[in-house]
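All remarks here apply to the structure that follows.
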Amino acid sequence: MKKPSSAIPAGLKCETRYDSEYECTNECGITISSLSASTTYRIDVCVISNKGKGPRVTINVVTASAGDSNPAPPTFSIVGRREIHIKWQPPEVLSGRFSRYELLCNKRCIYS
């Protein structure tokens, strides 16, 4: 994780525990990266103010499986004698962050 920014408001402290570095935030949302697929994680959130730490709120979340991330089967429409238009829907669940689609025609990559 990133090192705490010097722009963090006074009184907001960051801690290091279990040989891991924690990032401070005063936002109400954050993306946690580098998690494992099909794994349960316990997430705790609490408020830290000038009065100290408030009570924690806990949720358990399970990351998506590393299995199928297939788009829906493509459909096509004929544009002309030598052209077709291919269209597909994105997968319902992605394993990892989306990068791009790859399109093959007769086993040859024509778009990536």
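Quick note on naming: the chains in the structure tokens go A, B, ... in the order shown, residues restart at 1 in each chain, and ligands are numbered from 1 in order of appearance.
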
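The protein and nucleic acid residues lying at most 7 Å from range 69-78 of chain A are Glu83, Ile84, His85, Ile86, Lys87, Trp88, Gln89, Pro90, Pro91, Val93, Leu94 and Ser95 of chain A, with only C-alpha atoms considered and sequence neighbours fewer than 5 positions away removed.
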
Which of range 25-85 of chain A fall in strand (DSSP E), as a list in words: Thr40, Tyr41, Arg42, Ile43, Asp44, Val45, Ile48, Ser49, Gly52, Lys53, Val57, Thr58, Ile59, Asn60, Val61, Val62, Thr75, Phe76, Ser77, Ile78, Val79, Gly80, Glu83, Ile84 and His85 of chain A

Who sits within 8 Å of Thr58 in chain A, only C-alpha atoms, same chain under 5 positions skipped, as a ChimeraX atom specification: /A:42-45

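For the pair CA of Ala64 in chain A and CA of Arg97 in chain A, the interatomic distance is 11.4 Å.
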
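If you look at CA of Ile59 in chain A and CA of Glu27 in chain A, they are 18.1 Å away from each other.
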
At what distance in Å, to one decimal, does CA of Ala37 in chain A lie from CA of Ser65 in chain A?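 Interatomic distance, CA of Ser65 in chain A to CA of Ala37 in chain A: 5.1 Å.
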